[in-house]
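Data from my_file-v6.cif: mmCIF, C-alpha atoms and all ligand atoms
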```cif
data_protein
#
loop_
_atom_site.label_atom_id
_atom_site.label_comp_id
_atom_site.auth_asym_id
_atom_site.auth_seq_id
_atom_site.Cartn_x
_atom_site.Cartn_y
_atom_site.Cartn_z
CA MET A 548 91.33 110.75 71.04
CA LYS A 549 93.89 109.20 68.73
CA ILE A 550 92.96 105.79 67.31
CA ILE A 551 95.92 103.50 66.75
CA ARG A 552 95.72 100.07 65.14
CA THR A 553 99.35 99.00 64.68
CA THR A 554 102.07 98.19 67.21
CA GLU A 555 104.51 100.46 65.33
CA GLY A 556 101.95 103.28 65.47
CA LEU A 557 101.55 102.83 69.22
CA GLN A 558 105.31 102.76 69.86
CA ALA A 559 105.80 105.92 67.77
CA TYR A 560 102.91 107.65 69.58
CA ARG A 561 104.33 106.67 72.99
CA LYS A 562 107.61 108.42 72.15
CA THR A 563 105.67 111.70 71.75
CA LEU A 564 104.37 111.53 75.36
CA ASP A 565 106.86 112.66 77.95
CA ASP A 566 104.36 113.05 80.82
CA SER A 567 102.93 110.36 83.04
CA VAL A 568 100.86 107.70 81.22
CA GLY A 569 98.14 105.47 82.68
CA PHE A 570 97.00 102.38 80.80
CA VAL A 571 93.64 100.56 80.90
CA PRO A 572 93.60 97.30 78.91
CA THR A 573 90.10 96.00 78.06
CA MET A 574 88.29 93.55 75.82
CA GLY A 575 85.63 96.14 74.96
CA ALA A 576 81.86 95.95 75.63
CA LEU A 577 82.64 98.79 78.01
CA HIS A 578 80.58 99.42 81.14
CA ALA A 579 80.75 101.49 84.33
CA GLY A 580 83.49 99.19 85.72
CA HIS A 581 85.78 100.17 82.82
CA CYS A 582 84.83 103.84 83.31
CA ALA A 583 85.99 103.57 86.96
CA LEU A 584 89.37 102.21 85.79
CA ILE A 585 89.68 105.09 83.31
CA GLU A 586 88.69 107.68 85.94
CA ALA A 587 91.27 106.24 88.37
CA ALA A 588 93.92 106.53 85.64
CA LYS A 589 92.82 110.05 84.67
CA ALA A 590 93.11 111.22 88.28
CA ARG A 591 96.79 110.19 88.37
CA HIS A 592 98.21 110.68 84.88
CA GLN A 593 98.34 113.39 82.21
CA HIS A 594 97.64 110.79 79.51
CA VAL A 595 95.45 107.71 79.51
CA VAL A 596 95.77 105.00 76.87
CA VAL A 597 92.98 102.39 76.59
CA SER A 598 93.21 99.19 74.54
CA ILE A 599 90.35 97.10 73.22
CA PHE A 600 91.39 93.62 72.13
CA VAL A 601 89.31 90.45 72.45
CA ASN A 602 92.27 88.18 73.08
CA PRO A 603 91.53 84.76 71.51
CA LYS A 604 94.30 83.07 73.52
CA GLN A 605 92.55 83.51 76.87
CA PHE A 606 89.29 81.79 75.85
CA ASN A 607 89.33 78.10 76.60
CA GLN A 608 85.98 77.52 74.83
CA ALA A 609 85.36 78.47 71.18
CA LYS A 610 81.70 79.23 71.96
CA ASP A 611 82.63 81.73 74.68
CA LEU A 612 84.94 83.58 72.26
CA GLU A 613 82.28 83.54 69.55
CA CYS A 614 79.59 84.91 71.91
CA TYR A 615 81.79 87.50 73.63
CA PRO A 616 79.99 90.85 73.15
CA ARG A 617 81.60 93.20 70.62
CA THR A 618 80.34 96.80 70.65
CA GLU A 619 83.19 98.67 68.99
CA SER A 620 81.35 101.77 67.80
CA ASP A 621 79.47 102.29 71.13
CA ASP A 622 82.79 101.79 72.93
CA GLN A 623 84.52 104.40 70.77
CA GLN A 624 81.71 106.90 71.36
CA LEU A 625 81.88 106.37 75.12
CA LEU A 626 85.67 106.75 75.16
CA GLU A 627 85.43 110.04 73.21
CA THR A 628 83.34 111.45 76.09
CA LEU A 629 85.85 110.28 78.74
CA GLY A 630 88.71 112.39 77.44
CA ILE A 631 91.40 109.73 77.02
CA SER A 632 94.49 110.41 74.89
CA ALA A 633 94.56 107.29 72.74
CA LEU A 634 92.69 104.09 71.95
CA PHE A 635 94.71 101.09 70.78
CA LEU A 636 92.65 98.71 68.63
CA PRO A 637 95.02 96.02 67.33
CA SER A 638 94.05 93.08 65.10
CA VAL A 639 94.93 89.52 66.17
CA THR A 640 97.81 89.41 63.66
CA ALA A 641 99.16 92.73 64.94
CA LEU A 642 99.75 91.17 68.38
CA TYR A 643 100.49 87.56 67.40
CA CYS A 644 102.75 87.10 64.40
CA GLU A 645 102.43 83.82 62.48
CA ASP A 646 105.32 82.03 64.16
CA ASP A 647 104.73 83.41 67.66
CA HIS A 648 105.46 80.50 70.02
CA TYR A 649 106.18 82.54 73.13
CA VAL A 650 103.96 82.48 76.22
CA VAL A 651 104.10 83.62 79.84
CA ASP A 652 103.25 80.95 82.39
CA GLU A 653 102.80 81.20 86.13
CA LEU A 654 103.05 77.83 87.82
CA LEU A 655 101.20 78.11 91.14
CA LEU A 656 98.32 80.57 91.61
CA SER A 657 97.29 80.24 87.94
CA GLN A 658 96.44 76.56 88.54
CA ASP A 659 93.95 77.36 91.27
CA ARG A 660 90.39 78.82 91.29
CA CYS A 661 89.55 80.11 87.78
CA GLY A 662 92.73 78.50 86.43
CA ALA A 663 91.54 75.04 87.49
CA ALA A 664 88.27 75.46 85.59
CA ARG A 665 89.72 77.27 82.54
CA ALA A 666 92.86 75.52 81.30
CA GLY A 667 95.28 77.94 79.63
CA HIS A 668 93.21 81.03 80.49
CA PHE A 669 95.80 82.78 82.63
CA ARG A 670 98.61 81.87 80.24
CA GLY A 671 96.61 83.74 77.56
CA VAL A 672 95.95 86.70 79.87
CA LEU A 673 99.56 87.05 81.07
CA THR A 674 100.97 86.71 77.56
CA VAL A 675 98.76 89.41 76.06
CA VAL A 676 99.13 91.73 79.05
CA LEU A 677 102.95 91.50 78.87
CA LYS A 678 102.81 92.39 75.17
CA LEU A 679 100.50 95.35 75.87
CA LEU A 680 102.56 96.59 78.84
CA ASN A 681 105.74 96.43 76.76
CA LEU A 682 104.10 98.40 73.95
CA VAL A 683 102.44 101.09 76.09
CA GLN A 684 105.32 101.56 78.60
CA ALA A 685 102.85 103.17 81.02
CA ASN A 686 103.72 104.41 84.49
CA ALA A 687 100.77 102.41 85.84
CA ALA A 688 98.13 100.01 84.51
CA TYR A 689 94.67 99.58 86.07
CA PHE A 690 92.71 96.35 86.64
CA GLY A 691 89.34 95.66 88.27
CA GLU A 692 89.06 93.75 91.55
CA LYS A 693 86.22 91.59 90.21
CA ASP A 694 88.93 89.63 88.39
CA TYR A 695 91.04 89.52 91.53
CA GLN A 696 93.06 86.45 90.60
CA GLN A 697 93.93 88.11 87.28
CA PHE A 698 95.07 91.23 89.17
CA GLU A 699 97.22 89.17 91.56
CA LEU A 700 98.83 87.26 88.69
CA ILE A 701 99.57 90.40 86.65
CA GLN A 702 101.02 92.13 89.70
CA GLY A 703 103.17 89.05 90.38
CA MET A 704 104.35 88.98 86.75
CA ALA A 705 105.28 92.68 86.83
CA SER A 706 107.33 92.08 89.96
CA ALA A 707 108.96 88.80 88.83
CA LEU A 708 109.89 90.18 85.39
CA PHE A 709 111.00 93.63 86.66
CA LEU A 710 108.49 95.52 84.52
CA ASN A 711 108.51 99.31 84.70
CA THR A 712 104.72 99.62 85.01
CA ARG A 713 103.04 99.72 88.43
CA ILE A 714 99.98 97.46 88.62
CA GLU A 715 96.99 99.03 90.38
CA SER A 716 93.60 97.59 91.32
CA VAL A 717 90.28 99.43 91.40
CA PRO A 718 87.27 98.27 93.48
CA THR A 719 84.46 96.38 91.72
CA VAL A 720 81.59 98.49 90.41
CA ARG A 721 78.17 96.94 91.04
CA GLU A 722 74.65 97.27 89.63
CA ALA A 723 72.03 98.62 92.07
CA ASP A 724 71.18 95.03 93.15
CA GLY A 725 74.82 94.15 93.82
CA LEU A 726 75.71 92.23 90.64
CA ALA A 727 79.33 92.96 89.71
CA MET A 728 79.55 94.76 86.36
CA SER A 729 80.86 92.48 83.63
CA SER A 730 80.74 92.49 79.83
CA ARG A 731 79.27 88.98 79.99
CA ASN A 732 76.19 90.27 81.90
CA ARG A 733 74.82 91.44 78.52
CA ARG A 734 74.33 87.80 77.58
CA LEU A 735 72.07 86.98 80.55
CA THR A 736 68.36 86.36 79.93
CA LYS A 737 65.90 88.12 82.25
CA ALA A 738 65.59 85.04 84.47
CA GLN A 739 69.36 84.47 84.53
CA ARG A 740 69.88 88.15 85.37
CA MET A 741 67.58 87.78 88.42
CA LEU A 742 69.46 84.69 89.55
CA ALA A 743 72.85 86.39 88.93
CA ALA A 744 71.98 89.07 91.52
CA LYS A 745 72.13 86.36 94.24
CA LEU A 746 75.85 85.65 93.77
CA TYR A 747 77.08 88.70 95.68
CA PRO A 748 74.81 88.38 98.78
CA CYS A 749 75.47 84.62 98.99
CA LEU A 750 79.23 85.24 99.05
CA ARG A 751 78.96 88.19 101.43
CA ASN A 752 76.39 86.96 103.93
CA SER A 753 77.27 83.27 104.36
CA GLU A 754 79.01 82.16 107.54
CA SER A 755 81.45 79.87 105.73
CA ASP A 756 82.54 78.78 102.24
CA ASP A 757 80.48 75.59 102.63
CA ALA A 758 77.38 77.60 103.57
CA ALA A 759 77.92 79.93 100.56
CA ARG A 760 78.36 76.92 98.25
CA SER A 761 75.12 75.33 99.42
CA SER A 762 73.07 78.54 99.24
CA LEU A 763 74.37 79.17 95.69
CA SER A 764 73.41 75.63 94.62
CA HIS A 765 70.06 76.00 96.33
CA ALA A 766 69.45 79.30 94.45
CA GLY A 767 69.96 77.44 91.14
CA PHE A 768 73.61 78.04 90.17
CA SER A 769 76.12 75.37 89.11
CA VAL A 770 78.94 76.14 91.50
CA ASP A 771 82.53 75.99 90.16
CA TYR A 772 84.15 76.99 93.44
CA VAL A 773 83.81 78.97 96.63
CA THR A 774 87.01 79.50 98.55
CA SER A 775 88.55 82.05 100.89
CA ALA A 776 92.08 83.44 101.02
CA LYS A 777 93.79 86.59 102.28
CA GLY A 778 90.60 88.09 103.74
CA ARG A 779 88.47 87.57 100.64
CA ARG A 780 85.87 84.99 99.67
CA PHE A 781 85.97 84.09 95.96
CA GLY A 782 83.18 82.42 94.01
CA ALA A 783 82.56 81.26 90.44
CA VAL A 784 79.25 79.92 89.19
CA ARG A 785 77.64 79.01 85.89
CA VAL A 786 74.13 79.71 84.62
CA GLY A 787 72.38 78.34 81.53
CA ALA A 788 72.56 75.06 79.60
CA ALA A 789 76.02 73.53 79.08
CA SER A 790 75.99 74.45 75.36
CA ASP A 791 75.33 78.12 76.13
CA GLU A 792 76.45 78.64 79.70
CA ILE A 793 77.63 81.93 81.17
CA ARG A 794 80.23 81.93 83.91
CA LEU A 795 80.06 84.60 86.60
CA ILE A 796 82.74 85.38 89.17
CA ASP A 797 82.87 87.70 92.15
CA ASN A 798 84.72 88.18 95.42
CA VAL A 799 84.03 89.99 98.68
CA ARG A 800 86.09 91.05 101.67
CA ILE A 801 85.39 88.89 104.72
CA LYS A 802 86.41 89.09 108.37
CA ILE A 803 88.97 86.48 109.36
O1 LIG B 1 90.16 91.73 82.10
C1 LIG B 1 90.19 91.77 80.85
O2 LIG B 1 89.37 92.43 80.20
C2 LIG B 1 91.25 90.99 80.10
O3 LIG B 1 91.54 89.79 80.73
C3 LIG B 1 92.54 91.78 79.82
C4 LIG B 1 93.25 92.17 81.12
C5 LIG B 1 92.21 93.04 79.03
C6 LIG B 1 93.51 90.93 78.99
O4 LIG B 1 92.96 90.54 77.77
#
```

Entire entry expressed as C-alpha cells:
Amino acid sequence: MKIIRTTEGLQAYRKTLDDSVGFVPTMGALHAGHCALIEAAKARHQHVVVSIFVNPKQFNQAKDLECYPRTESDDQQLLETLGISALFLPSVTALYCEDDHYVVDELLLSQDRCGAARAGHFRGVLTVVLKLLNLVQANAAYFGEKDYQQFELIQGMASALFLNTRIESVPTVREADGLAMSSRNRRLTKAQRMLAAKLYPCLRNSESDDAARSSLSHAGFSVDYVTSAKGRRFGAVRVGAASDEIRLIDNVRIKI
C-alpha cells in the first residue's frame, strides 16, 4: 500500500495506473461500513485508492470537529490487511491553499433534512469531494447509504458537472442490534449506546413519520427530523447534553 500525502504525489501516482480505479473517500476512524465500501470497490476495480481526511469545512460546530475520532495508525494497519493500492492522507493545507475561496453549492436538496440542521455542511462535503474526485480521477467512487442525502448530492454534483467518475452507493452495515455503523458511535457512553440501538427499529417499524417521531422522543432522543421520500424514511436524532451532544442519522426502506 503506497502512502501519499501531497496532491502532486497523488496526481503522479494516478498517471502510473492504467487499469480501472475505484475510490473510497473517508474521514478515518474506519469500521466495517468502510470495509464494505472497500470490498465493493475491490470487486470491480484492479486498483483501490482510499483517502483519509477529516475535512474541517464540513463541521458546523467546532466541538464536533475537535471530538471527531482520529485513529490514524489503527486505520493504516487495517487498510494494509485489505489489500488496497494507495492511501491518500493529505494535510488541510494540501487541499485548501491559503487564498482558496472556491466552494460547490447545491441550492435545493442541501437545504433540507441534515442541511437544515447543519448550515454549510453539504457545501463543505461537496467542495472536498469534488477536489478529491478531480485528484483521483477514479472510474467509480463509493459512498455508504447511511449518509443517503450525501450520496444523492454527490451523485447530483457528478451529473451536473459532467464528472468522469461514476458515483455508487453501498448498503448500510449494522451492528448486531441494528445500529448503523458510524465513526461517531465510538463517542457514545454505555447508556447512550443502548438508546442509540432504538433509532433503527423506530424508523423501520413505525406506521408513519409522526409515529416514528413520537416513539423516538418517548425513547429519550432529541429528534431533529423524521421524514419520508422516494421510498425511504430518514431520521436524525441527538443524544447527550447540548455541550457534548452526538448526532445520529439513519434511513430505512419503507413501503409506499
Ligand atoms: O462520509 C464521509 O466520511 C465524508 O463526508 C466524506 C464523503 C469523506 C467527505 O469528507

Self-check item: Selection near A:Thr712, 12 Å with only C-alpha atoms, sequence-local residues under 5 positions removed, as a PyMOL selection string
Solution: chain A and resi 567-571+676-677+679-689+701-706

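Shortest atom-to-atom contact with ligand LIG 1 (chain B) among A:Gln593, A:Gln696, A:Ser620, A:Thr563: A:Gln696, counting only C-alpha atoms and all ligand atoms.
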
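Between atom CA of A:Leu763 and atom CA of A:Gly580 lies a distance of 24.2 Å.
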
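Counting from atom CA of A:Gln558, the distance to atom CA of A:Ser632 is 14.2 Å.
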
Could I get the residues of chain A with an atom no further than 6 Å from an atom of ligand LIG 1 (chain B), each paired with its nearest atom pair and that distance in Å to one decimal, using all atoms listed in the file, sorted by chain and residue number, as JSON lines?
```
{"residue": "A:Pro572", "atom": "CA", "partner": "B:LIG1", "partner_atom": "C5", "distance": 4.5}
{"residue": "A:Thr573", "atom": "CA", "partner": "B:LIG1", "partner_atom": "C5", "distance": 3.8}
{"residue": "A:Met574", "atom": "CA", "partner": "B:LIG1", "partner_atom": "O2", "distance": 4.6}
{"residue": "A:Asn602", "atom": "CA", "partner": "B:LIG1", "partner_atom": "O4", "distance": 5.3}
{"residue": "A:Val672", "atom": "CA", "partner": "B:LIG1", "partner_atom": "C6", "distance": 5.0}
{"residue": "A:Val676", "atom": "CA", "partner": "B:LIG1", "partner_atom": "C6", "distance": 5.7}
```

Block slice stretch 700-791 of chain A, C-alpha atoms, emitted as a short mmCIF file (atom, residue, chain, number, x, y, z; two decimals), in the first residue's frame:
```
data_model
loop_
_atom_site.label_atom_id
_atom_site.label_comp_id
_atom_site.auth_asym_id
_atom_site.auth_seq_id
_atom_site.Cartn_x
_atom_site.Cartn_y
_atom_site.Cartn_z
CA LEU A 700 -25.98 15.24 -3.50
CA ILE A 701 -22.63 13.83 -4.68
CA GLN A 702 -24.35 11.85 -7.43
CA GLY A 703 -26.23 15.00 -8.47
CA MET A 704 -22.98 17.02 -8.50
CA ALA A 705 -21.21 14.40 -10.64
CA SER A 706 -24.05 14.54 -13.14
CA ALA A 707 -24.48 18.34 -13.15
CA LEU A 708 -20.74 19.00 -13.50
CA PHE A 709 -20.11 16.19 -16.04
CA LEU A 710 -17.55 14.42 -13.85
CA ASN A 711 -15.90 11.29 -15.23
CA THR A 712 -16.36 9.28 -12.03
CA ARG A 713 -19.45 7.10 -11.51
CA ILE A 714 -20.96 7.52 -8.04
CA GLU A 715 -22.01 4.25 -6.40
CA SER A 716 -23.81 3.57 -3.12
CA VAL A 717 -23.30 0.60 -0.80
CA PRO A 718 -25.94 -0.59 1.73
CA THR A 719 -25.54 0.41 5.38
CA VAL A 720 -23.63 -2.02 7.59
CA ARG A 721 -25.22 -2.51 11.01
CA GLU A 722 -24.14 -3.75 14.44
CA ALA A 723 -25.87 -6.94 15.65
CA ASP A 724 -28.59 -4.85 17.35
CA GLY A 725 -29.28 -2.81 14.21
CA LEU A 726 -27.33 0.39 14.96
CA ALA A 727 -25.86 1.74 11.72
CA MET A 728 -22.05 1.71 11.83
CA SER A 729 -20.63 5.21 12.21
CA SER A 730 -17.31 6.65 13.37
CA ARG A 731 -19.25 8.79 15.85
CA ASN A 732 -20.58 5.65 17.64
CA ARG A 733 -17.19 5.45 19.40
CA ARG A 734 -18.14 8.56 21.35
CA LEU A 735 -21.33 7.06 22.84
CA THR A 736 -21.41 6.19 26.55
CA LYS A 737 -22.81 2.77 27.51
CA ALA A 738 -26.25 4.25 28.23
CA GLN A 739 -26.24 6.32 25.03
CA ARG A 740 -25.18 3.24 23.06
CA MET A 741 -28.22 1.33 24.40
CA LEU A 742 -30.52 4.19 23.48
CA ALA A 743 -28.88 4.54 20.02
CA ALA A 744 -29.94 0.97 19.15
CA LYS A 745 -33.59 2.15 19.20
CA LEU A 746 -33.19 4.52 16.24
CA TYR A 747 -33.31 1.83 13.56
CA PRO A 748 -36.37 -0.12 14.84
CA CYS A 749 -38.29 3.12 15.49
CA LEU A 750 -37.72 4.23 11.88
CA ARG A 751 -38.41 0.79 10.45
CA ASN A 752 -41.42 -0.34 12.48
CA SER A 753 -43.47 2.86 12.85
CA GLU A 754 -46.63 3.25 10.79
CA SER A 755 -45.92 6.88 9.90
CA ASP A 756 -43.30 9.62 10.27
CA ASP A 757 -45.34 11.15 13.11
CA ALA A 758 -45.47 7.80 14.93
CA ALA A 759 -41.68 7.35 14.48
CA ARG A 760 -41.06 10.89 15.76
CA SER A 761 -43.12 10.30 18.89
CA SER A 762 -41.61 6.89 19.67
CA LEU A 763 -38.09 8.35 19.27
CA SER A 764 -38.93 11.23 21.66
CA HIS A 765 -40.54 8.79 24.06
CA ALA A 766 -37.38 6.60 23.98
CA GLY A 767 -35.32 9.64 25.09
CA PHE A 768 -33.87 11.13 21.88
CA SER A 769 -33.99 14.80 20.85
CA VAL A 770 -35.48 14.45 17.39
CA ASP A 771 -34.07 16.67 14.60
CA TYR A 772 -36.32 15.27 11.89
CA VAL A 773 -38.19 12.25 10.62
CA THR A 774 -39.34 12.45 7.04
CA SER A 775 -40.03 10.13 4.12
CA ALA A 776 -39.18 10.50 0.44
CA LYS A 777 -38.63 8.19 -2.52
CA GLY A 778 -39.46 5.01 -0.59
CA ARG A 779 -37.19 5.74 2.36
CA ARG A 780 -37.80 7.07 5.85
CA PHE A 781 -34.97 9.31 7.10
CA GLY A 782 -34.30 10.23 10.72
CA ALA A 783 -31.79 12.32 12.67
CA VAL A 784 -31.63 12.45 16.45
CA ARG A 785 -29.32 13.80 19.13
CA VAL A 786 -28.17 12.21 22.38
CA GLY A 787 -26.28 13.78 25.27
CA ALA A 788 -26.14 17.28 26.79
CA ALA A 789 -26.11 20.22 24.37
CA SER A 790 -22.43 20.95 25.10
CA ASP A 791 -21.40 17.39 24.21
#
```
